[in-house]
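Here is input38.cif, consisting of mmCIF, C-alpha atoms:
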data_entry
loop_
_atom_site.group_PDB
_atom_site.id
_atom_site.type_symbol
_atom_site.label_atom_id
_atom_site.label_comp_id
_atom_site.auth_asym_id
_atom_site.auth_seq_id
_atom_site.Cartn_x
_atom_site.Cartn_y
_atom_site.Cartn_z
ATOM 1 C CA MET A 1 9.162 51.869 -15.126
ATOM 2 C CA GLY A 2 5.957 52.106 -17.085
ATOM 3 C CA LEU A 3 5.785 48.348 -17.537
ATOM 4 C CA ALA A 4 6.581 47.701 -13.892
ATOM 5 C CA SER A 5 3.787 50.033 -12.840
ATOM 6 C CA SER A 6 1.502 48.233 -15.261
ATOM 7 C CA VAL A 7 2.259 44.887 -13.633
ATOM 8 C CA LEU A 8 1.719 46.400 -10.197
ATOM 9 C CA ALA A 9 -1.571 47.948 -11.322
ATOM 10 C CA LEU A 10 -2.745 44.553 -12.536
ATOM 11 C CA ALA A 11 -1.865 42.782 -9.335
ATOM 12 C CA LEU A 12 -3.050 45.201 -6.673
ATOM 13 C CA PRO A 13 -6.794 45.088 -7.464
ATOM 14 C CA LEU A 14 -6.735 41.366 -6.731
ATOM 15 C CA SER A 15 -5.383 41.783 -3.228
ATOM 16 C CA GLY A 16 -8.697 42.647 -1.635
ATOM 17 C CA GLY A 17 -12.160 44.082 -2.044
ATOM 18 C CA GLU A 18 -15.406 42.463 -3.062
ATOM 19 C CA GLY A 19 -15.208 39.244 -4.998
ATOM 20 C CA GLU A 20 -11.633 38.570 -3.884
ATOM 21 C CA ALA A 21 -10.278 35.171 -4.877
ATOM 22 C CA HIS A 22 -8.593 34.449 -1.522
ATOM 23 C CA PRO A 23 -9.249 34.901 2.203
ATOM 24 C CA SER A 24 -9.151 38.399 3.625
ATOM 25 C CA ASN A 25 -6.120 37.500 5.783
ATOM 26 C CA CYS A 26 -4.193 36.243 2.765
ATOM 27 C CA HIS A 27 -1.777 38.581 1.008
ATOM 28 C CA LEU A 28 -0.206 38.532 -2.426
ATOM 29 C CA VAL A 29 3.137 37.807 -0.750
ATOM 30 C CA PRO A 30 2.451 34.402 0.922
ATOM 31 C CA TRP A 31 4.861 34.528 3.834
ATOM 32 C CA GLY A 32 2.221 33.101 6.133
ATOM 33 C CA ASP A 33 0.586 29.706 6.356
ATOM 34 C CA ALA A 34 0.405 28.094 2.888
ATOM 35 C CA ASP A 35 -2.720 26.231 3.949
ATOM 36 C CA GLU A 36 -4.514 29.523 4.416
ATOM 37 C CA CYS A 37 -3.310 31.177 1.227
ATOM 38 C CA GLY A 38 -3.796 29.733 -2.227
ATOM 39 C CA PHE A 39 -2.727 31.336 -5.469
ATOM 40 C CA PRO A 40 -5.323 34.072 -6.191
ATOM 41 C CA ALA A 41 -5.882 32.968 -9.784
ATOM 42 C CA PRO A 42 -7.669 35.647 -11.794
ATOM 43 C CA THR A 43 -11.080 34.656 -13.091
ATOM 44 C CA ALA A 44 -13.573 36.143 -15.522
ATOM 45 C CA ASP A 45 -14.474 38.572 -12.720
ATOM 46 C CA ILE A 46 -11.574 40.789 -13.821
ATOM 47 C CA PHE A 47 -13.655 41.635 -16.909
ATOM 48 C CA GLN A 48 -16.611 42.840 -14.839
ATOM 49 C CA PHE A 49 -16.834 46.416 -13.565
ATOM 50 C CA ASP A 50 -19.276 48.162 -11.299
ATOM 51 C CA PRO A 51 -20.896 51.140 -13.020
ATOM 52 C CA TYR A 52 -19.712 54.606 -12.100
ATOM 53 C CA THR A 53 -23.212 55.860 -12.814
ATOM 54 C CA THR A 54 -26.341 54.859 -14.721
ATOM 55 C CA ILE A 55 -28.394 56.787 -17.237
ATOM 56 C CA SER A 56 -32.018 56.054 -18.091
ATOM 57 C CA LEU A 57 -33.144 57.008 -21.573
ATOM 58 C CA PHE A 58 -36.547 56.095 -23.019
ATOM 59 C CA GLY A 59 -36.949 53.376 -20.418
ATOM 60 C CA ILE A 60 -33.544 51.842 -21.147
ATOM 61 C CA THR A 61 -30.838 51.926 -18.484
ATOM 62 C CA PHE A 62 -27.263 52.500 -19.612
ATOM 63 C CA GLU A 63 -24.329 51.786 -17.316
ATOM 64 C CA ILE A 64 -21.260 54.003 -17.493
ATOM 65 C CA ASN A 65 -18.372 51.777 -16.411
ATOM 66 C CA LYS A 66 -14.652 51.561 -17.056
ATOM 67 C CA PRO A 67 -14.852 50.102 -20.622
ATOM 68 C CA VAL A 68 -17.303 52.846 -21.621
ATOM 69 C CA VAL A 69 -15.054 55.564 -20.212
ATOM 70 C CA LEU A 70 -12.013 54.088 -21.975
ATOM 71 C CA ALA A 71 -13.925 53.894 -25.258
ATOM 72 C CA VAL A 72 -14.972 57.539 -24.975
ATOM 73 C CA LEU A 73 -11.459 58.657 -24.036
ATOM 74 C CA GLY A 74 -9.976 56.596 -26.867
ATOM 75 C CA SER A 75 -12.390 58.070 -29.387
ATOM 76 C CA ALA A 76 -11.653 61.594 -28.140
ATOM 77 C CA PHE A 77 -7.919 60.957 -28.415
ATOM 78 C CA LEU A 78 -8.193 59.670 -31.998
ATOM 79 C CA ILE A 79 -10.410 62.566 -33.074
ATOM 80 C CA GLY A 80 -8.104 65.083 -31.422
ATOM 81 C CA PHE A 81 -4.966 63.538 -32.889
ATOM 82 C CA PHE A 82 -6.181 63.442 -36.480
ATOM 83 C CA VAL A 83 -7.754 66.905 -36.251
ATOM 84 C CA LEU A 84 -4.411 68.286 -35.109
ATOM 85 C CA ALA A 85 -2.547 66.248 -37.723
ATOM 86 C CA PHE A 86 -4.597 67.475 -40.682
ATOM 87 C CA ARG A 87 -5.901 70.842 -39.472
ATOM 88 C CA ASN A 88 -3.203 72.787 -41.274
ATOM 89 C CA ALA A 89 -2.016 70.267 -43.838
ATOM 90 C CA LYS A 90 1.138 71.303 -45.650
ATOM 91 C CA VAL A 91 2.999 70.073 -48.710
ATOM 92 C CA VAL A 92 5.978 69.371 -46.471
ATOM 93 C CA PRO A 93 4.269 67.615 -43.551
ATOM 94 C CA GLY A 94 5.167 68.108 -39.920
ATOM 95 C CA LYS A 95 5.586 65.207 -37.514
ATOM 96 C CA LEU A 96 1.902 64.810 -36.621
ATOM 97 C CA GLN A 97 0.801 65.175 -40.221
ATOM 98 C CA LEU A 98 3.422 62.659 -41.325
ATOM 99 C CA VAL A 99 2.167 60.070 -38.821
ATOM 100 C CA GLY A 100 -1.446 60.731 -39.813
ATOM 101 C CA GLU A 101 -0.666 60.471 -43.525
ATOM 102 C CA TYR A 102 1.229 57.236 -42.978
ATOM 103 C CA GLY A 103 -1.751 55.735 -41.143
ATOM 104 C CA TYR A 104 -4.161 56.870 -43.846
ATOM 105 C CA THR A 105 -1.908 55.584 -46.649
ATOM 106 C CA PHE A 106 -1.517 52.238 -44.902
ATOM 107 C CA VAL A 107 -5.271 51.687 -44.749
ATOM 108 C CA ARG A 108 -5.927 53.098 -48.233
ATOM 109 C CA ASP A 109 -3.197 51.261 -50.132
ATOM 110 C CA GLY A 110 -2.604 48.237 -47.920
ATOM 111 C CA ILE A 111 -6.221 47.326 -47.173
ATOM 112 C CA ALA A 112 -8.830 49.183 -49.233
ATOM 113 C CA LYS A 113 -7.254 49.267 -52.697
ATOM 114 C CA GLU A 114 -5.381 46.001 -52.249
ATOM 115 C CA THR A 115 -8.525 44.112 -51.255
ATOM 116 C CA ILE A 116 -11.436 45.915 -52.926
ATOM 117 C CA GLY A 117 -9.661 47.292 -55.978
ATOM 118 C CA LYS A 118 -10.481 50.518 -57.782
ATOM 119 C CA ASP A 119 -13.776 50.837 -55.885
ATOM 120 C CA GLY A 120 -11.931 50.772 -52.565
ATOM 121 C CA GLU A 121 -11.265 54.505 -52.438
ATOM 122 C CA ARG A 122 -14.818 55.356 -51.436
ATOM 123 C CA TYR A 123 -14.669 52.983 -48.454
ATOM 124 C CA VAL A 124 -11.345 54.258 -47.099
ATOM 125 C CA PRO A 125 -12.932 56.585 -44.464
ATOM 126 C CA PHE A 126 -14.974 53.705 -43.035
ATOM 127 C CA LEU A 127 -12.034 51.278 -43.009
ATOM 128 C CA PHE A 128 -9.668 53.946 -41.684
ATOM 129 C CA THR A 129 -11.995 54.697 -38.771
ATOM 130 C CA MET A 130 -12.549 51.004 -38.102
ATOM 131 C CA PHE A 131 -8.845 50.185 -38.008
ATOM 132 C CA PHE A 132 -7.791 52.927 -35.621
ATOM 133 C CA PHE A 133 -10.821 52.576 -33.373
ATOM 134 C CA VAL A 134 -10.263 48.831 -32.932
ATOM 135 C CA TRP A 135 -6.548 49.370 -32.373
ATOM 136 C CA MET A 136 -7.215 52.047 -29.775
ATOM 137 C CA MET A 137 -9.715 49.841 -27.951
ATOM 138 C CA ASN A 138 -7.157 47.035 -27.911
ATOM 139 C CA ILE A 139 -4.157 49.090 -26.864
ATOM 140 C CA TRP A 140 -5.819 50.243 -23.644
ATOM 141 C CA GLY A 141 -4.825 46.818 -22.323
ATOM 142 C CA ILE A 142 -1.160 47.797 -21.963
ATOM 143 C CA ILE A 143 -1.521 51.436 -20.930
ATOM 144 C CA PRO A 144 -0.655 51.810 -17.217
ATOM 145 C CA PHE A 145 -3.610 52.390 -14.891
ATOM 146 C CA ALA A 146 -6.090 51.854 -17.725
ATOM 147 C CA GLN A 147 -4.928 48.286 -18.073
ATOM 148 C CA PHE A 148 -7.978 46.878 -19.825
ATOM 149 C CA PRO A 149 -8.601 46.105 -23.519
ATOM 150 C CA VAL A 150 -12.131 47.281 -24.269
ATOM 151 C CA SER A 151 -12.432 44.672 -27.026
ATOM 152 C CA SER A 152 -12.206 41.910 -24.411
ATOM 153 C CA ARG A 153 -15.844 42.644 -23.577
ATOM 154 C CA LEU A 154 -17.930 40.742 -26.127
ATOM 155 C CA ALA A 155 -20.446 43.556 -26.620
ATOM 156 C CA TRP A 156 -17.856 45.831 -28.246
ATOM 157 C CA PRO A 157 -16.710 43.478 -31.047
ATOM 158 C CA ALA A 158 -20.362 42.502 -31.527
ATOM 159 C CA ALA A 159 -21.350 46.152 -31.930
ATOM 160 C CA LEU A 160 -18.623 46.657 -34.538
ATOM 161 C CA THR A 161 -19.815 43.568 -36.393
ATOM 162 C CA LEU A 162 -23.315 45.023 -36.422
ATOM 163 C CA LEU A 163 -21.854 47.938 -38.358
ATOM 164 C CA VAL A 164 -19.999 45.712 -40.830
ATOM 165 C CA TRP A 165 -22.542 42.985 -41.480
ATOM 166 C CA PRO A 166 -25.601 45.013 -42.512
ATOM 167 C CA LEU A 167 -23.302 46.956 -44.845
ATOM 168 C CA TYR A 168 -22.076 43.687 -46.378
ATOM 169 C CA MET A 169 -25.616 42.407 -46.948
ATOM 170 C CA PHE A 170 -26.918 45.758 -48.217
ATOM 171 C CA LEU A 171 -24.105 46.292 -50.720
ATOM 172 C CA GLY A 172 -24.363 42.709 -51.924
ATOM 173 C CA MET A 173 -28.067 42.954 -52.729
ATOM 174 C CA LYS A 174 -27.668 46.466 -54.116
ATOM 175 C CA HIS A 175 -24.910 45.609 -56.591
ATOM 176 C CA GLN A 176 -25.827 42.011 -57.444
ATOM 177 C CA GLY A 177 -29.568 42.018 -56.826
ATOM 178 C CA ALA A 178 -31.154 40.051 -53.994
ATOM 179 C CA TRP A 179 -31.370 36.779 -55.937
ATOM 180 C CA GLY A 180 -28.019 37.296 -57.634
ATOM 181 C CA PHE A 181 -26.316 37.906 -54.291
ATOM 182 C CA TYR A 182 -27.587 34.676 -52.770
ATOM 183 C CA ARG A 183 -27.156 32.733 -56.021
ATOM 184 C CA ASN A 184 -23.512 33.707 -56.347
ATOM 185 C CA MET A 185 -23.023 32.917 -52.691
ATOM 186 C CA MET A 186 -24.702 29.497 -52.680
ATOM 187 C CA PHE A 187 -24.142 28.178 -56.190
ATOM 188 C CA PRO A 188 -20.532 28.685 -57.347
ATOM 189 C CA PRO A 189 -20.270 27.795 -61.034
ATOM 190 C CA GLY A 190 -18.416 24.830 -62.492
ATOM 191 C CA LEU A 191 -19.480 22.169 -60.009
ATOM 192 C CA PRO A 192 -21.646 19.059 -60.596
ATOM 193 C CA LYS A 193 -25.259 19.916 -59.835
ATOM 194 C CA PRO A 194 -25.770 17.177 -57.204
ATOM 195 C CA ILE A 195 -23.027 18.827 -55.129
ATOM 196 C CA TYR A 196 -25.223 21.902 -54.665
ATOM 197 C CA VAL A 197 -27.613 19.898 -52.491
ATOM 198 C CA LEU A 198 -24.925 19.864 -49.807
ATOM 199 C CA LEU A 199 -22.945 22.934 -50.780
ATOM 200 C CA ALA A 200 -25.767 25.496 -51.026
ATOM 201 C CA PRO A 201 -26.959 25.312 -47.386
ATOM 202 C CA ILE A 202 -23.370 25.136 -46.145
ATOM 203 C CA GLU A 203 -22.450 28.277 -48.086
ATOM 204 C CA LEU A 204 -25.583 30.065 -46.883
ATOM 205 C CA ILE A 205 -24.938 29.240 -43.232
ATOM 206 C CA SER A 206 -21.231 30.000 -43.552
ATOM 207 C CA ASN A 207 -21.628 33.377 -45.236
ATOM 208 C CA VAL A 208 -24.722 34.722 -43.509
ATOM 209 C CA PHE A 209 -24.413 33.313 -39.981
ATOM 210 C CA VAL A 210 -20.912 31.966 -39.303
ATOM 211 C CA ARG A 211 -18.964 34.897 -40.737
ATOM 212 C CA PRO A 212 -20.362 37.560 -38.396
ATOM 213 C CA PHE A 213 -19.951 35.180 -35.469
ATOM 214 C CA THR A 214 -16.283 34.491 -36.234
ATOM 215 C CA LEU A 215 -15.615 38.161 -36.961
ATOM 216 C CA THR A 216 -16.852 38.993 -33.466
ATOM 217 C CA VAL A 217 -15.306 36.100 -31.567
ATOM 218 C CA ARG A 218 -11.869 36.354 -33.213
ATOM 219 C CA LEU A 219 -11.297 39.851 -31.858
ATOM 220 C CA PHE A 220 -12.966 39.211 -28.512
ATOM 221 C CA ALA A 221 -11.178 35.910 -27.797
ATOM 222 C CA ASN A 222 -7.704 37.223 -28.589
ATOM 223 C CA MET A 223 -8.094 40.263 -26.358
ATOM 224 C CA PHE A 224 -9.753 38.239 -23.585
ATOM 225 C CA ALA A 225 -7.039 35.577 -23.559
ATOM 226 C CA GLY A 226 -4.188 38.079 -23.747
ATOM 227 C CA HIS A 227 -5.463 40.158 -20.838
ATOM 228 C CA LEU A 228 -6.097 37.061 -18.727
ATOM 229 C CA LEU A 229 -2.601 35.653 -19.336
ATOM 230 C CA ILE A 230 -0.855 38.923 -18.517
ATOM 231 C CA THR A 231 -2.921 39.263 -15.346
ATOM 232 C CA ILE A 232 -2.084 35.711 -14.214
ATOM 233 C CA PHE A 233 1.669 36.253 -14.486
ATOM 234 C CA ALA A 234 1.465 39.752 -13.015
ATOM 235 C CA VAL A 235 -0.301 38.394 -9.953
ATOM 236 C CA ALA A 236 2.142 35.474 -9.792
ATOM 237 C CA THR A 237 5.028 37.965 -9.706
ATOM 238 C CA PHE A 238 3.836 39.234 -6.320
ATOM 239 C CA TYR A 239 2.394 35.958 -5.043
ATOM 240 C CA LEU A 240 5.647 34.026 -5.521
ATOM 241 C CA LEU A 241 7.794 36.756 -3.979
ATOM 242 C CA SER A 242 9.259 35.459 -0.705
ATOM 243 C CA PRO A 243 12.572 35.662 1.208
ATOM 244 C CA SER A 244 13.947 32.510 -0.435
ATOM 245 C CA ILE A 245 15.893 31.642 -3.570
ATOM 246 C CA ILE A 246 12.974 29.712 -5.049
ATOM 247 C CA GLY A 247 10.557 32.529 -4.258
ATOM 248 C CA LEU A 248 12.803 35.190 -5.754
ATOM 249 C CA LEU A 249 13.514 33.125 -8.866
ATOM 250 C CA GLY A 250 9.837 32.299 -9.330
ATOM 251 C CA SER A 251 8.813 35.925 -8.896
ATOM 252 C CA ALA A 252 11.514 37.142 -11.282
ATOM 253 C CA ALA A 253 10.562 34.532 -13.874
ATOM 254 C CA SER A 254 6.911 35.547 -13.689
ATOM 255 C CA PHE A 255 7.874 39.200 -14.058
ATOM 256 C CA VAL A 256 9.978 38.442 -17.147
ATOM 257 C CA VAL A 257 7.118 36.447 -18.649
ATOM 258 C CA SER A 258 4.782 39.380 -17.947
ATOM 259 C CA ILE A 259 7.120 41.667 -19.875
ATOM 260 C CA ILE A 260 7.366 39.221 -22.792
ATOM 261 C CA LEU A 261 3.595 38.724 -22.887
ATOM 262 C CA THR A 262 3.016 42.475 -22.790
ATOM 263 C CA ALA A 263 5.357 42.984 -25.753
ATOM 264 C CA PHE A 264 3.664 40.137 -27.615
ATOM 265 C CA GLU A 265 0.260 41.573 -26.764
ATOM 266 C CA MET A 266 1.255 44.871 -28.379
ATOM 267 C CA PHE A 267 1.804 42.971 -31.622
ATOM 268 C CA ILE A 268 -1.467 41.046 -31.277
ATOM 269 C CA GLN A 269 -3.419 44.239 -30.611
ATOM 270 C CA ALA A 270 -2.247 45.809 -33.866
ATOM 271 C CA LEU A 271 -2.623 42.515 -35.757
ATOM 272 C CA GLN A 272 -6.220 42.014 -34.635
ATOM 273 C CA ALA A 273 -7.124 45.563 -35.661
ATOM 274 C CA TYR A 274 -5.596 44.846 -39.067
ATOM 275 C CA ILE A 275 -7.370 41.484 -39.430
ATOM 276 C CA PHE A 276 -10.752 42.925 -38.428
ATOM 277 C CA THR A 277 -10.381 45.762 -40.938
ATOM 278 C CA LEU A 278 -9.017 43.476 -43.647
ATOM 279 C CA LEU A 279 -11.932 41.062 -43.293
ATOM 280 C CA THR A 280 -14.321 44.011 -43.423
ATOM 281 C CA ALA A 281 -12.713 45.000 -46.738
ATOM 282 C CA VAL A 282 -12.952 41.396 -47.973
ATOM 283 C CA TYR A 283 -16.668 41.311 -47.210
ATOM 284 C CA ILE A 284 -17.239 44.645 -48.947
ATOM 285 C CA ALA A 285 -15.329 43.369 -51.987
ATOM 286 C CA GLY A 286 -17.474 40.234 -52.019
ATOM 287 C CA SER A 287 -20.594 42.377 -51.964
ATOM 288 C CA LEU A 288 -19.505 44.602 -54.821
ATOM 289 C CA HIS A 289 -18.408 41.720 -57.019
ATOM 290 C CA ALA A 290 -19.469 38.081 -57.068
ATOM 291 C CA GLU A 291 -16.998 36.029 -55.067
ATOM 292 C CA HIS A 292 -17.159 33.053 -57.425
#
As structure tokens, how would this structure be written, given the file I've shared?
Amino acid sequence: MGLASSVLALALPLSGGEGEAHPSNCHLVPWGDADECGFPAPTADIFQFDPYTTISLFGITFEINKPVVLAVLGSAFLIGFFVLAFRNAKVVPGKLQLVGEYGYTFVRDGIAKETIGKDGERYVPFLFTMFFFVWMMNIWGIIPFAQFPVSSRLAWPAALTLLVWPLYMFLGMKHQGAWGFYRNMMFPPGLPKPIYVLLAPIELISNVFVRPFTLTVRLFANMFAGHLLITIFAVATFYLLSPSIIGLLGSAASFVVSIILTAFEMFIQALQAYIFTLLTAVYIAGSLHAEH
């Protein structure tokens, strides 16, 4: 029932209102004139939201819209959950504490220590927070009536990258020295010197400019594409519904695909949180120790 309501929640907003993709006399169930009603294909407009309110601070206007509200609610949920899980920690953990400890152990042993090594322990809080925040922002996309992955708005992955990348550069120059950091990055040892003419600028561009770009776009693109695909098939479920065998079969097939895509999206949401956190750990490890 939860998944069915999710599909319905995705489809209904496209049936009318401002910026609708089809004529006002056209319904999701096209039992009328086909010439008047085309398939209301979702566009990038489904990622745009009118602000609930605006706040001006020091001459800068901030919009409070749906992604902002979801991010705040997600953060509050995570804080509340882990406070409750560890507030009265016991040797024999209860259910909440057991789940919290499992999540912490996964990040500590599976990401921080595995990737960074013995120095990884001190970065566990940062990586732990990063992993669960990204996952929470992603998982909003399949929660009924929220139905929107916050990470599908480019600004959110970009903001997270702006936390990771300065840390990467700072730690690299702190532990290797400014020249040593760039030297180890641009001039890997053991190669013929003429190769460095081509390799050095490529390594510089790749490590300093391309890496933060790909870190941002990887998360954004996966969440954007997943939400768009699920929305297309959810809308098709209602658009194809008609009192005919072909209409019923088409609607049922679209509904089944929506379910499959939603289940697959659950996996992708967790995977992208893991990849983002893992790459963050890789960059920290490269800063602490020369990569070559």
Contacts of Phe131 (chain A) at 7 Å or less, counting all atoms listed in the file, minus same-chain residues fewer than 6 places along, as a ChimeraX atom specification?
-> /A:273-274,277
In terms of the shortest atom-to-atom distance over only C-alpha atoms, which of A:Trp156, A:Phe181, A:Phe267, A:Phe187 is closest to Leu219 (chain A)?
-> A:Trp156
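Note that CA of Leu229 (chain A) and CA of Leu261 (chain A) are 7.8 Å apart.
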Near-Glu203 (chain A) list (10 Å; all atoms listed in the file; drop same-chain fewer than 2 positions) as a ChimeraX atom specification = /A:182,184-188,196,198-201,205-210
Do a neighbour search on region 73-90 of chain A at 7 Å with only C-alpha atoms, toss out local chain neighbours closer than 2 positions, and write the hits as a ChimeraX atom specification.
-> /A:69-71,92-93,96-97,100,133,136-137
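Taking CA of Ala253 (chain A) and CA of Ala146 (chain A) as endpoints, the distance between them is 24.3 Å.
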Any idea what's packed within 12 Å of Phe126 (chain A), counting only C-alpha atoms, ignoring anything in its chain fewer than 5 positions away? Could you give it as a CSV table (one decimal) with C-alpha atoms, in the coordinates of the input?
chain,number,residue,atom,x,y,z
A,104,TYR,CA,-4.2,56.9,-43.8
A,107,VAL,CA,-5.3,51.7,-44.7
A,108,ARG,CA,-5.9,53.1,-48.2
A,111,ILE,CA,-6.2,47.3,-47.2
A,112,ALA,CA,-8.8,49.2,-49.2
A,120,GLY,CA,-11.9,50.8,-52.6
A,121,GLU,CA,-11.3,54.5,-52.4
A,131,PHE,CA,-8.8,50.2,-38.0
A,132,PHE,CA,-7.8,52.9,-35.6
A,133,PHE,CA,-10.8,52.6,-33.4
A,160,LEU,CA,-18.6,46.7,-34.5
A,163,LEU,CA,-21.9,47.9,-38.4
A,164,VAL,CA,-20.0,45.7,-40.8
A,167,LEU,CA,-23.3,47.0,-44.8
A,277,THR,CA,-10.4,45.8,-40.9
A,278,LEU,CA,-9.0,43.5,-43.6
A,280,THR,CA,-14.3,44.0,-43.4
A,281,ALA,CA,-12.7,45.0,-46.7
A,284,ILE,CA,-17.2,44.6,-48.9
When the PyMOL selection byres ((chain A and resi 264) around 12) is applied to the file above, which residues end up in the set, as a VMD selection string?
-> chain A and resid 139 142 222 to 223 226 to 227 229 to 230 257 to 263 265 to 271
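Atom pair CA of Thr237 (chain A) / CA of Trp135 (chain A): separated by 27.9 Å.
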